[in-house]
Amino acid sequence: MTNTQLAARAQGLRKSYGSDDAAVLALDGIDLDIESGRFTAVMGPSGSGKSTLMHCLAALDSPDSGTVEVAGHDLGRLSDRKLTRVRRDQIGFVFQSFNLVPTLTAEQNIRLPLRLAGRKPDKAWFDTVVDTLGLRQRLRHRPAELSGGQQQRVACARALLARPAIVFADEPTGNLDSASGTEVLTFLRRSVDEFGRTVVMVTHDPVAAAYCDRVVMMRDGRVVDDLDHPDREQILAHLAAR
Amino acid sequence: MLSLTLRALRARPLRLLMSMLAVTLGVGFLAGVMVFSHALSATFDNIVDGSTPDGLVRSGTDQGLGAAAAPGAPLDQALVRRIDSLPQVARADGQVQGLGMTLLRADGTAVGGGGAPTITTTHDDAPNMSGGHTLQLTSGRWPAAPDEVTLDQTSVRDAHYRLGDEVRLLGPGTAQHRVRLVGTAQLTGGGTAGATLVVLSTRGAQELLLGGRSAYNRIALTAAPGVSQQQLVDAVQALLPAGYQAVTGHDVAQETQDLIGGFLDALSTFLLVFAIIAVVVSGFIIANTFTILVAQRTRELALLRTLGASRRQVRGSVLLEAILVGVVSSTIGLVVGRLLARLLAAALGRFGLHIGDGHLVLTHGSVVAGYVVGIVMTVVASYVPARRAGRIAPLAALRSEQAGPTRPSLTRVCLAILGVLLGVGCAYVGVGDVDPRPGNPAAWVGVAGVVWIVSLAALAPTLGRPVLWVCRSAYGLVFGVAGRLAGENAARDPRRTGATASALLIGLALVSTIAVLAASLNATIDTSVDQRFTSDFRVEGHDRLPFPVAVGDRMERVAGVASVSREQDVAALYDGGPTELVGVDGDYLDAQGLTIGAGSGRLSPDSAVVSRSFADDHDLRVGQAIVMRPIGTTPQEVSRHAHRTATTPTATQTLQLRVTGIFGDATAAPQVMVPLRALAHAGVRRQDNVLHVDLAPGAGVARVRPELERAAASAPYVAVSDKQEFSDQLHHRVNQMVYLIYGLLALAIVIAVLGIVNTLSLSVLERTRELGLLRAVGMSRAQVRRMVTLEAVAIALLGSVLGLGLGVLVGVLLQRSLASDLTTLAVPIGRLGAFLVVAVLVGLLAAVGPSIRAARMSPLRAAAD
């Protein structure tokens with residue numbers, strides 16, 4: 001059941017941490033479709049399960065029950081080798097703490113997923129991404145020589161270079177000042193609008209969420225709200241209502 | 001703070017294990033060597049002191065070696081009684097003791113040898129210096145009848161005799177005897193260090209060693225209470241006939257110590273060097289491990305600081321952890337050391353050097369040294385990083401991201417370069433154009449080698465750059481991005497990589513030095529065999545034991561044999577000292593291809609041809625007359641001059657000779673050669689030690705050989721060998737020793753492997769998030785494994801390339817400094833290549849655990865904070 005309109009789909013996801021009495025239910029039966037070509041935010045207070053949901057969708061973690069499909073692959077049925085391949089080819093990541101490899105230059109970091117796959121990057125696409133992110137002058141620097149905003153932009157370029165079916169961003173602005181945060185959000189927005197990418201972002205920040213086409217609100221492991229093109233006030237109102 | 005330290009230790013069992021292993025191995029090696037050295041010297045002390053009475057009457061006032069050399073009346077029972085009745089003497093025991101006999105197995109082959117003596121002695125219960133008995137029965141009884149014998153346990157086991165069996169004895173000379181085994185014995189305290197003991201009844205010993213005379217060749221003296229050894233000896237001396245001497249036990253022990261002391265010192269020094277190597281290697285690893293551990297704990301320690309712990313408390317916690325680790329692992333190390341000493345003793349036992357089991361114990365010295373070294377090493381190694389950790393501002397540490405590449409400090413590089421130059425200086429003194437050269441040239445090169453090893457270990461981070469650069473590029477080309485990352489990781493912290501590689505560097509430097517020396521020694525043997533083995537067959541007794549001339553006579557009659565050239569070894573006194581004479585045939589010199597430097601190589605009945613060094617030592621010129629007195633004819637007598645009671649009733653006359661030729665020195669050539677006729681003339685009983693058999697043209701080697709072997713059948717300890725077999729035997733001896741050394745060095749390499757495992761495991765732990773990220777962005781498990789493995793191989797290659805280079809350099813320089821003995825240089829490329837392969841395997845092996853751990857790392861770790 002391949003649906004070209006869906007980049008990812010979760011059905012009946014359940015996951016708990018710990019055991020017995022101390023068990024914490026992180027996901028309590030989530031059904032969620034992520035449409036292609038849209039910028040989706042997942043919001044919720046700490047412990048609402050939003051990070052766990054993203055990890056499950058991104059093939060970083062596996063649910064106790066339920067199915068996850070990414071770009072037509074049922075993740076639950078895949079071996080570690082195939083999961084690795086899905087992560088490499090279909091999924092891009094942007095982490096809160098940038099997570100660049102310190103021994104590699106910016107350019108090498110950007111090309112890393114493709115090199116791991118043994119694929120040649122598309123020169124034109126590489127240039128487009130690098131220029132859009134304003135990284136041209138920084139390609140030969142190592143992460144330690146870059147500012148936080150620059151590092152996160154390198155991470156964005158890395159996530160996009162393989163043209164993944166879906167990009168996950170985990171609090172991408174959490175460690176950035178507001179100016180750098182704005183740059184990163186603007187780029188993610190542009191990658192959806194101009195390059196037709198699909199982005200899912202986990203965030204606390206209503207300002208960040210306001211860049212998105214859709215905001216999914218979570219609490220106690222469930223989806224409690226699903227807003228289409230909300231503005232900041234709407235989001236704040238929904239957050240306050242809960 | 002203590003409870004916190006304990007909890008920190010318990011919380012990370014792997015970390016604990018890693019640092020403990022390094023300390024345990026270092027201390028284990030040190031303790032093992034100390035225990036072994038102690039056991040070795042205790043065994044020898046036991047032999048020396050345990051077999052020496054308060055005083056001894058023996059022959060010879062002039063460095064004499066045997067009863068045969070002592071003129072005048074024999075030591076008879078009447079004399080013993082007269083001495084016994086002196087007030088200073090508690091008891092006097094006439095004894096017969098001598099070398100020159102050999103124990104044969106039932107099949108006629110010889111037991112023992114390889115330089116260790118066979119001591120034939122009578123038995124009585126005369127006490128030794130410390131009041132105990134020299135020998136202890138382990139089974140059966142002492143010999144009572146002339147045809148009974150008691151042997152030492154080890155030899156009995158070696159020869160597969162049982163009580164009641166008929167035992168074959170050879171000697172003195174070529175006579176064979178059959179006696180009955182009635183008991184086994186051991187030196188009190190155990191361990192004969194390779195010697196064979198043949199205990200006979202007094203009558204039996206007199207028959208075999210004194211030609212049946214009812215006499216003794218020594219008298220053991222026991223002092224009366226309150227009488228000093230000197231007083232004892234002075235009192236006895238007055239009663240002695242001319243040619244005999246009373247010596248104090250201390251002097252006798254000292255002489256023996258002097259004789260074997262050199263060998264013992266050399267072995268102990270050699271082992272101590274290994275122990276120091278082990279300590280240095282482990283020190284590197286411990287320091288490295290703690291540096292990494294503390295770096296990892298920076299956050300944790302910083303958290304403690306923000307919660308109010310003082311800088312001192314933080315430092316104290318790290319030091320306390322180090323002390324705990326040091327104490328526990330030193331304790332384990334001591335146990336390991338004792339095991340190691342046993343292994344070493346077992347290995348050397350195979351070379352005939354038997355160490356008394358009772359001596360293989362942990363002495364106070366080794367326990368103290370083990371703890372001190374273990375604890376001090378651990379504390380020092382952890383103090384520096386602990387101080388660094390204490391200095392970091394708490395919040396900075398909490399926020400700290402992983403550090404990028406570090407640079408080696410300039411001071412360190414400068415010091416190391418100074419070290420290298422110092423080494424060059426030492427090496428120059430050793431092999432350069434220095435005249436006069438102070439001290440031993442090989443020792444200078446040795447010092448240079450040690451200085452270089454230490455400097456190179458310090459320089460490894462810097463010198464390693466090209467190696468790592470090559471690794472990185474080659475890896476990138478061959479293994480793609482995983483390879484490139486592995487290369488980058490190895491180069492990430494050159495100081496850490498360098499320190500880890502240093503352990504392997506030291507091990508491989510030593511191994512390859514030994515390899516070059518061994519190859520050169522083997523090549524030298526080949527050259528010398530080529531030069532000197534010019535006949536078709538060489539016939540030689542085990543350990544150069546003599547055999548009857550009838551063997552050679554029979555061989556001369558074998559069809560196809562053109563000539564048999566003979567050698568007879570004789571120990572003689574010349575110029576107050578012992579000298580090795582070899583009686584030879586007229587055409588021996590030509591056959592041996594020796595170059596005559598002065599005079600001629602022709603031997604007339606009274607001529608002596610001497611080596612250049614002998615001529616120089618004694619200021620001899622061609623034409624000069626010399627007088628020599630033969631004193632013994634067995635190889636043991638020849639080689640063990642200091643056993644002053646060697647007994648062979650052979651020659652009584654002197655050799656009146658004239659120097660007619662001086663030959664250039666050659667390896668293993670005798671010092672003085674005289675014609676066999678001159679020996680016979682002087683009353684030396686003719687026997688042969690070596691025959692050189694040449695075949696007539698066209699004679700079939702395969703057909704003649706069995707005939708030759710049949711001719712030697714009456715003396716089964718005699719072997720017929722061709723050139724190849726002869727050089728194989730020589731190589732075999734060299735190689736056995738070399739393998740023992742490799743065995744010791746293998747331990748240093750094991751420590752080095754653990755060092756790599758340590759560094760790698762800790763790096764993997766340290767890079768948890770990075771590994772998670774790589775997994776998250778699509779690195780497969782296999783790629784992660786490959787990456788970690790390649791990093792290990794890079795470290796191993798770094799250490800081994802530097803080590804091999806240095807080792808070959810030092811080996812070549814050592815050969816140069818020893819060029820007079822070690823004439824041919826050989827660099828065993830194949831073997832060195834094999835070492836490199838082993839080093840790569842070491843890397844692969846070291847990476848097994850860490851790479852599996854790394855590959856198991858969940859990609860989720862990338863998202864964790």
# chains A, B, ... in the order shown; residues from 1 in each chain; ligands from 1
call {"tool": "interface_residues", "arguments": {"of": "chain B", "to": "chain A", "cutoff": "12 Å", "atoms": "only C-alpha atoms", "output": "PyMOL selection string"}}
result
chain B and resi 399-406+472+476+479-493+767-784+787+855-865
call {"tool": "residues_around", "arguments": {"residues": "region 224-234 of chain A", "least_positions_apart": "4", "cutoff": "6 Å", "atoms": "only C-alpha atoms", "output": "PyMOL selection string"}}
result
chain A and resi 206+210+213-218
call {"tool": "residues_around", "arguments": {"residues": "region 5-7 of chain A", "least_positions_apart": "5", "cutoff": "7 Å", "atoms": "only C-alpha atoms", "output": "mmCIF file with C-alpha atoms, in the first residue's frame"}}
result
data_model
loop_
_atom_site.group_PDB
_atom_site.id
_atom_site.type_symbol
_atom_site.label_atom_id
_atom_site.label_comp_id
_atom_site.auth_asym_id
_atom_site.auth_seq_id
_atom_site.Cartn_x
_atom_site.Cartn_y
_atom_site.Cartn_z
ATOM 1 C CA ASP A 33 0.282 10.646 8.478
ATOM 2 C CA ILE A 34 3.007 12.995 7.278
ATOM 3 C CA GLU A 35 2.211 14.373 3.836
ATOM 4 C CA SER A 36 4.947 14.943 1.303
ATOM 5 C CA VAL A 70 8.708 5.721 5.594
ATOM 6 C CA ALA A 71 8.718 6.303 1.844
ATOM 7 C CA ALA A 165 12.083 11.556 1.351
ATOM 8 C CA ILE A 166 11.813 13.187 4.721
#
call {"tool": "select_by_dssp", "arguments": {"residues": "region 64-220 of chain A", "states": "strand (DSSP E)", "output": "PyMOL selection string"}}
result
chain A and resi 65-70+73-74+91-94+166-170+199-203+214-219
call {"tool": "write_last_selection", "arguments": {"atoms": "C-alpha atoms", "output": "mmCIF file, in the first residue's frame"}}
result
data_model
loop_
_atom_site.group_PDB
_atom_site.id
_atom_site.type_symbol
_atom_site.label_atom_id
_atom_site.label_comp_id
_atom_site.auth_asym_id
_atom_site.auth_seq_id
_atom_site.Cartn_x
_atom_site.Cartn_y
_atom_site.Cartn_z
ATOM 1 C CA SER A 65 3.752 -2.147 18.798
ATOM 2 C CA GLY A 66 2.279 -0.481 15.746
ATOM 3 C CA THR A 67 3.764 0.124 12.337
ATOM 4 C CA VAL A 68 5.869 2.875 10.844
ATOM 5 C CA GLU A 69 6.161 3.384 7.141
ATOM 6 C CA VAL A 70 8.708 5.721 5.594
ATOM 7 C CA HIS A 73 9.124 0.929 3.612
ATOM 8 C CA ASP A 74 7.584 -0.829 6.591
ATOM 9 C CA ILE A 91 15.890 10.167 5.881
ATOM 10 C CA GLY A 92 17.822 13.291 6.830
ATOM 11 C CA PHE A 93 18.495 14.515 10.350
ATOM 12 C CA VAL A 94 19.129 17.825 12.009
ATOM 13 C CA ILE A 166 11.813 13.187 4.721
ATOM 14 C CA VAL A 167 13.968 15.388 6.960
ATOM 15 C CA PHE A 168 13.619 15.246 10.723
ATOM 16 C CA ALA A 169 14.755 18.185 12.815
ATOM 17 C CA ASP A 170 14.960 17.753 16.572
ATOM 18 C CA VAL A 199 10.361 18.359 6.937
ATOM 19 C CA VAL A 200 9.185 17.246 10.364
ATOM 20 C CA MET A 201 10.406 19.365 13.246
ATOM 21 C CA VAL A 202 10.080 18.733 16.974
ATOM 22 C CA THR A 203 10.051 21.984 18.890
ATOM 23 C CA ARG A 214 0.869 22.019 10.159
ATOM 24 C CA VAL A 215 1.349 21.703 13.919
ATOM 25 C CA VAL A 216 0.698 18.455 15.723
ATOM 26 C CA MET A 217 0.173 18.907 19.450
ATOM 27 C CA MET A 218 1.038 16.034 21.795
ATOM 28 C CA ARG A 219 0.458 15.342 25.467
#
call {"tool": "residues_around", "arguments": {"residues": "region 219-226 of chain B", "least_positions_apart": "4", "cutoff": "8 Å", "atoms": "only C-alpha atoms", "output": "PyMOL selection string"}}
result
chain B and resi 53-58+75+80+87-95+126-128+232
call {"tool": "write_last_selection", "arguments": {"atoms": "N, CA and C atoms", "output": "PDB file, in the first residue's frame"}}
result
ATOM      1  N   PRO B  53      82.984 -26.733  52.150  1.00  0.00           N
ATOM      2  CA  PRO B  53      83.212 -26.884  53.589  1.00  0.00           C
ATOM      3  C   PRO B  53      83.961 -25.680  54.146  1.00  0.00           C
ATOM      4  N   ASP B  54      84.229 -25.714  55.477  1.00  0.00           N
ATOM      5  CA  ASP B  54      84.939 -24.592  56.119  1.00  0.00           C
ATOM      6  C   ASP B  54      86.292 -24.372  55.467  1.00  0.00           C
ATOM      7  N   GLY B  55      86.923 -25.463  55.136  1.00  0.00           N
ATOM      8  CA  GLY B  55      88.230 -25.351  54.507  1.00  0.00           C
ATOM      9  C   GLY B  55      88.438 -26.536  53.587  1.00  0.00           C
ATOM     10  N   LEU B  56      89.371 -26.381  52.657  1.00  0.00           N
ATOM     11  CA  LEU B  56      89.562 -27.443  51.685  1.00  0.00           C
ATOM     12  C   LEU B  56      91.044 -27.609  51.395  1.00  0.00           C
ATOM     13  N   VAL B  57      91.475 -28.862  51.401  1.00  0.00           N
ATOM     14  CA  VAL B  57      92.843 -29.133  50.974  1.00  0.00           C
ATOM     15  C   VAL B  57      92.754 -29.596  49.535  1.00  0.00           C
ATOM     16  N   ARG B  58      93.483 -28.966  48.676  1.00  0.00           N
ATOM     17  CA  ARG B  58      93.429 -29.349  47.277  1.00  0.00           C
ATOM     18  C   ARG B  58      94.810 -29.211  46.662  1.00  0.00           C
ATOM     19  N   LEU B  75      97.323 -37.598  48.814  1.00  0.00           N
ATOM     20  CA  LEU B  75      96.682 -37.369  50.105  1.00  0.00           C
ATOM     21  C   LEU B  75      96.181 -38.730  50.585  1.00  0.00           C
ATOM     22  N   VAL B  80      95.042 -37.684  56.404  1.00  0.00           N
ATOM     23  CA  VAL B  80      93.704 -37.273  56.835  1.00  0.00           C
ATOM     24  C   VAL B  80      93.591 -37.439  58.354  1.00  0.00           C
ATOM     25  N   PRO B  87      93.902 -29.810  66.935  1.00  0.00           N
ATOM     26  CA  PRO B  87      92.858 -29.254  67.815  1.00  0.00           C
ATOM     27  C   PRO B  87      91.917 -28.298  67.084  1.00  0.00           C
ATOM     28  N   GLN B  88      92.418 -27.659  66.019  1.00  0.00           N
ATOM     29  CA  GLN B  88      91.557 -26.700  65.297  1.00  0.00           C
ATOM     30  C   GLN B  88      90.541 -27.396  64.404  1.00  0.00           C
ATOM     31  N   VAL B  89      90.756 -28.679  64.179  1.00  0.00           N
ATOM     32  CA  VAL B  89      89.935 -29.382  63.193  1.00  0.00           C
ATOM     33  C   VAL B  89      88.885 -30.242  63.899  1.00  0.00           C
ATOM     34  N   ALA B  90      87.637 -30.011  63.574  1.00  0.00           N
ATOM     35  CA  ALA B  90      86.567 -30.835  64.145  1.00  0.00           C
ATOM     36  C   ALA B  90      86.539 -32.181  63.432  1.00  0.00           C
ATOM     37  N   ARG B  91      86.628 -32.118  62.135  1.00  0.00           N
ATOM     38  CA  ARG B  91      86.724 -33.346  61.372  1.00  0.00           C
ATOM     39  C   ARG B  91      87.373 -33.084  60.022  1.00  0.00           C
ATOM     40  N   ALA B  92      88.017 -34.094  59.488  1.00  0.00           N
ATOM     41  CA  ALA B  92      88.620 -33.991  58.158  1.00  0.00           C
ATOM     42  C   ALA B  92      88.157 -35.201  57.365  1.00  0.00           C
ATOM     43  N   ASP B  93      87.697 -34.963  56.153  1.00  0.00           N
ATOM     44  CA  ASP B  93      87.188 -36.069  55.341  1.00  0.00           C
ATOM     45  C   ASP B  93      87.918 -36.109  54.021  1.00  0.00           C
ATOM     46  N   GLY B  94      88.585 -37.204  53.770  1.00  0.00           N
ATOM     47  CA  GLY B  94      89.243 -37.371  52.479  1.00  0.00           C
ATOM     48  C   GLY B  94      88.177 -37.599  51.412  1.00  0.00           C
ATOM     49  N   GLN B  95      88.309 -36.915  50.305  1.00  0.00           N
ATOM     50  CA  GLN B  95      87.306 -37.036  49.240  1.00  0.00           C
ATOM     51  C   GLN B  95      87.996 -37.222  47.893  1.00  0.00           C
ATOM     52  N   ALA B 126      80.353 -34.999  55.727  1.00  0.00           N
ATOM     53  CA  ALA B 126      81.059 -33.782  56.135  1.00  0.00           C
ATOM     54  C   ALA B 126      80.133 -32.595  55.915  1.00  0.00           C
ATOM     55  N   PRO B 127      80.040 -31.714  56.932  1.00  0.00           N
ATOM     56  CA  PRO B 127      79.119 -30.583  56.786  1.00  0.00           C
ATOM     57  C   PRO B 127      79.707 -29.494  55.884  1.00  0.00           C
ATOM     58  N   ASN B 128      78.832 -28.705  55.267  1.00  0.00           N
ATOM     59  CA  ASN B 128      79.298 -27.554  54.493  1.00  0.00           C
ATOM     60  C   ASN B 128      79.455 -26.358  55.424  1.00  0.00           C
ATOM     61  N   LEU B 232      91.929 -22.321  60.813  1.00  0.00           N
ATOM     62  CA  LEU B 232      91.837 -23.719  60.397  1.00  0.00           C
ATOM     63  C   LEU B 232      92.831 -24.011  59.281  1.00  0.00           C
TER      64      LEU B 232
END
call {"tool": "select_by_dssp", "arguments": {"residues": "region 37-220 of chain A", "states": "alpha helix (DSSP H)", "output": "PyMOL selection string"}}
result
chain A and resi 50-57+80-90+106-117+123-132+148-161+178-193+206-209
call {"tool": "write_last_selection", "arguments": {"atoms": "C-alpha atoms", "output": "CSV table (one decimal), in the first residue's frame"}}
result
chain,number,residue,atom,x,y,z
A,50,LYS,CA,7.2,14.0,20.8
A,51,SER,CA,10.9,13.1,20.7
A,52,THR,CA,10.1,9.4,21.0
A,53,LEU,CA,7.6,9.7,18.2
A,54,MET,CA,10.2,11.3,16.0
A,55,HIS,CA,12.8,8.7,16.8
A,56,CYS,CA,10.3,6.0,15.8
A,57,LEU,CA,9.4,7.7,12.6
A,80,ASP,CA,19.4,-3.6,10.6
A,81,ARG,CA,21.2,-3.5,7.3
A,82,LYS,CA,18.1,-2.3,5.4
A,83,LEU,CA,17.2,0.1,8.2
A,84,THR,CA,20.6,1.6,7.8
A,85,ARG,CA,20.0,2.0,4.1
A,86,VAL,CA,16.6,3.6,4.7
A,87,ARG,CA,18.2,6.1,7.1
A,88,ARG,CA,21.0,6.8,4.6
A,89,ASP,CA,18.8,7.2,1.5
A,90,GLN,CA,15.4,8.3,2.7
A,106,ALA,CA,32.3,21.2,6.7
A,107,GLU,CA,32.3,19.9,3.1
A,108,GLN,CA,33.2,16.3,4.2
A,109,ASN,CA,30.5,16.4,6.8
A,110,ILE,CA,28.0,17.5,4.2
A,111,ARG,CA,29.0,14.7,1.8
A,112,LEU,CA,29.3,12.1,4.5
A,113,PRO,CA,25.9,10.3,4.0
A,114,LEU,CA,26.4,10.0,0.3
A,115,ARG,CA,30.0,8.8,0.7
A,116,LEU,CA,28.8,6.2,3.2
A,117,ALA,CA,26.3,5.1,0.5
A,123,LYS,CA,27.3,18.7,-8.3
A,124,ALA,CA,24.6,21.2,-9.2
A,125,TRP,CA,22.4,20.2,-6.2
A,126,PHE,CA,25.4,20.4,-3.9
A,127,ASP,CA,26.1,24.0,-5.1
A,128,THR,CA,22.5,25.0,-4.7
A,129,VAL,CA,22.3,23.7,-1.2
A,130,VAL,CA,25.7,25.2,-0.1
A,131,ASP,CA,24.9,28.6,-1.7
A,132,THR,CA,21.4,28.7,-0.3
A,148,GLY,CA,26.8,27.4,16.3
A,149,GLY,CA,24.6,28.8,13.5
A,150,GLN,CA,27.1,27.8,10.9
A,151,GLN,CA,27.4,24.3,12.3
A,152,GLN,CA,23.6,23.9,12.2
A,153,ARG,CA,23.5,25.1,8.6
A,154,VAL,CA,26.2,22.5,7.8
A,155,ALA,CA,23.9,19.9,9.5
A,156,CYS,CA,21.0,21.1,7.4
A,157,ALA,CA,23.0,20.8,4.2
A,158,ARG,CA,24.1,17.3,5.2
A,159,ALA,CA,20.4,16.4,5.8
A,160,LEU,CA,19.3,17.6,2.4
A,161,LEU,CA,22.1,16.6,0.1
A,178,SER,CA,17.5,34.0,17.7
A,179,ALA,CA,19.2,35.4,14.6
A,180,SER,CA,20.8,32.0,13.8
A,181,GLY,CA,17.6,30.2,14.6
A,182,THR,CA,15.7,32.4,12.2
A,183,GLU,CA,18.2,31.6,9.5
A,184,VAL,CA,17.8,27.9,10.0
A,185,LEU,CA,14.0,28.0,10.1
A,186,THR,CA,14.0,30.2,7.0
A,187,PHE,CA,16.1,27.6,5.2
A,188,LEU,CA,13.9,24.7,6.3
A,189,ARG,CA,10.9,26.6,5.0
A,190,ARG,CA,12.6,27.3,1.7
A,191,SER,CA,13.6,23.7,1.3
A,192,VAL,CA,10.0,22.8,1.5
A,193,ASP,CA,8.7,25.6,-0.7
A,206,PRO,CA,5.8,28.6,19.1
A,207,VAL,CA,7.8,31.0,17.0
A,208,ALA,CA,9.5,28.1,15.3
A,209,ALA,CA,6.3,26.3,14.9
call {"tool": "residues_around", "arguments": {"residues": "Val27 (chain B)", "least_positions_apart": "6", "cutoff": "6 Å", "atoms": "only C-alpha atoms", "output": "ChimeraX atom specification"}}
result
/B:330,333,370,374
call {"tool": "write_last_selection", "arguments": {"atoms": "N, CA and C atoms", "output": "PDB file, in the first residue's frame"}}
result
ATOM      1  N   SER B 330      48.311  -4.373  41.696  1.00  0.00           N
ATOM      2  CA  SER B 330      49.672  -4.808  42.030  1.00  0.00           C
ATOM      3  C   SER B 330      49.611  -6.166  42.713  1.00  0.00           C
ATOM      4  N   GLY B 333      49.097  -8.547  40.191  1.00  0.00           N
ATOM      5  CA  GLY B 333      50.329  -8.582  39.416  1.00  0.00           C
ATOM      6  C   GLY B 333      51.394  -9.457  40.062  1.00  0.00           C
ATOM      7  N   GLY B 370      57.158  -4.498  43.642  1.00  0.00           N
ATOM      8  CA  GLY B 370      55.911  -4.609  42.878  1.00  0.00           C
ATOM      9  C   GLY B 370      54.903  -3.562  43.322  1.00  0.00           C
ATOM     10  N   GLY B 374      53.906  -0.394  41.139  1.00  0.00           N
ATOM     11  CA  GLY B 374      52.502  -0.412  40.715  1.00  0.00           C
ATOM     12  C   GLY B 374      51.759   0.820  41.187  1.00  0.00           C
TER      13      GLY B 374
END
call {"tool": "residues_around", "arguments": {"residues": "Val35 (chain B)", "least_positions_apart": "5", "cutoff": "7 Å", "atoms": "only C-alpha atoms", "output": "VMD selection string"}}
result
chain B and resid 338 341 360 to 363 366
call {"tool": "closest_residue", "arguments": {"among": "A:Leu78, A:Gly49, A:Arg38, A:Val24", "to": "Glu194 (chain A)", "atoms": "only C-alpha atoms"}}
result
A:Arg38
call {"tool": "residues_around", "arguments": {"residues": "Met673 (chain B)", "least_positions_apart": "2", "cutoff": "7 Å", "atoms": "only C-alpha atoms", "output": "PDB file with C-alpha atoms, in the first residue's frame"}}
result
ATOM      1  CA  LEU B 581      95.651 -26.880  23.175  1.00  0.00           C
ATOM      2  CA  VAL B 582      94.491 -28.796  20.174  1.00  0.00           C
ATOM      3  CA  GLY B 583      96.607 -31.603  18.887  1.00  0.00           C
ATOM      4  CA  VAL B 584      96.223 -31.890  15.115  1.00  0.00           C
ATOM      5  CA  ALA B 608     103.281 -24.942  17.966  1.00  0.00           C
ATOM      6  CA  VAL B 609     101.119 -22.753  15.762  1.00  0.00           C
ATOM      7  CA  VAL B 610      99.314 -20.111  17.801  1.00  0.00           C
ATOM      8  CA  PRO B 670      91.655 -23.034  18.859  1.00  0.00           C
ATOM      9  CA  GLN B 671      94.318 -20.841  20.405  1.00  0.00           C
ATOM     10  CA  PRO B 675     101.137 -31.913  16.422  1.00  0.00           C
TER      11      PRO B 675
END
